[in-house]
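Everything below concerns the one structure shown next.
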Amino acid sequence: MKNIQWFPGHMTRAMRDMEAKRDLCDGVICVLDARAPIATVNKNLRSIFGEKPVLYVLNKADLADSAKLDGFIKLFEGQGRYVVKCNSTNVSSKRVLLQKLGEITQEKRARAQAKGVNRTFRFMVAGIPNTGKSTLVNLISGQKRAKTGDKAGVTRDVRWLKCGAFDLLDTPGTMPPAFDNQYHARHLAYIGSINDEILDMDDIALELLGELATLYPEYLTERYGITDFSEKLGMYEALCKRRGFILRGGEYDYERGAKALIDDFRKGRIGKICMENPSDYTDYTL
Ligand SMILES: Nc1nc2c(ncn2[C@@H]2O[C@H](COP(=O)(O)OP(=O)(O)OP(=O)(O)O)[C@@H](O)[C@H]2O)c(=O)[nH]1
Ligand SMILES: [Mg+2]
């Protein structure tokens with residue numbers, strides 16, 4: 001399959017702007033996707049975060065396999081990280097986020113209060129495209145102030161937003177300049193963190209079917225009636241057949257098949273999924 005690479009120019013600028021604003025921040029909120037917690041870590045952001053405390057938010061938890069997700073939370077907490085799972089589209093997650101941010105800023109707040117100062121705290125909200133950064137900013141602010149959208153690269157510029165006791169810096173999604181791991185790059189493609197226009201959707205659909213056949217075969221049976229998992233192309237054709245995606249000449253309409261599969265996956269219609277297994281990452285440090 002074709003190698004995936006995507007690093008548009010606005011990301012270089014965004015990273016420069018983020019670095020320039022870092023020292024103003026009390027901490028960072030790094031938004032990961034709970035369906036691919038490892039693939040959505042951009043290790044290049046570490047140097048931008050510097051020594052600031054980082055809250056890792058496993059967002060879109062409503063779409064994720066909770067057993068695996070809890071495994072990742074345990075793993076990261078075991079490494080002394082601040083981690084929280086979140087559904088940024090649901091107001092009930094706001095309390096959990098505020099509680100964590102309060103924990104992280106507790107000492108600074110106590111020091112300020114001892115001096116009679118009631119200050120706000122600043123956090124940079126960073127991560128890969130489409131993980132829900134702007135949605136999370138809106139959740140905390142209680143208003144739809146930042147633009148959001150279900151495709152990669154909606155936010156183009158860094159922007160401060162007042163969110164109650166916090167000032168949050170919404171930032172554009174950023175990628176590493178090159179993917180050294182195509183397996184993880186594909187996970188980013190499945191969840192919509194890479195611009196669909198540069199992807200070969202046929203390839204992506206085939207690979208996604210292959211991975212789902214290993215991880216969640218029962219979901220493929222349930223949704224598409226697939227029972228033979230031996231061949232990716234066979235599964236692709238079974239899906240097209242089941243959905244009636246057949247062209248006039250009797251050929252399979254792969255394009256519609258790919259679109260339906262990827263759309264179902266992204267909207268959580270296939271099931272609650274996590275493409276990565278915490279047990280494979282016991283040696284991984286966040
Ligand atoms: N189901 C679900 N959808 C979410 C959640 N958070 C965000 N979304 C959706 O994910 C899509 C992307 O959200 P954005 O907030 O625009 O993502 P972003 O990280 O700011 O994206 P860029 O600005 O492109 O980097 C939108 O369609 C949101 O409604 C969540 O926790 N659960
Ligand atoms: Mg955004």
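For the structure tokens, the naming scheme is as follows: chains receive sequential letters (A, B, ...) according to their order of presentation, residues are indexed from 1 within each chain, and ligands are indexed from 1 in presentation order.
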
Could you list, as a PyMOL selection string, all residues that come within 8 Å of ligand 2? Count only C-alpha atoms and all ligand atoms. chain A and resi 129-130+132-135+146-149+153-156+170-173

Mind checking which residues fall within 12 Å of Gln143 (chain A), counting only C-alpha atoms, ignoring those fewer than 4 positions away in the same chain, and posting them as a ChimeraX atom specification? /A:89,91,134-139,147,161-164

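Remark: for ligand 1, the closest of the candidate residues A:Gly210, A:Gly249, A:Gly192, A:Pro176 is A:Gly192 (distances computed over only C-alpha atoms and all ligand atoms).
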
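Contact shell of Cys86 (chain A) at 9 Å (only C-alpha atoms; same-chain neighbours under 4 positions omitted): Ala34, Val57, Leu58, Asn59, Lys60, Ala61, Asp62, Asn90, Ser92, Ser93, Lys94, Val96, Leu97 and Leu136 of chain A.
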
Residues within 10 Å of region 103-108 of chain A, only C-alpha atoms, excluding chain neighbours under 4 positions, as a VMD selection string: chain A and resid 26 to 27 53 to 55 82 97 to 99 112 to 114 119 to 122
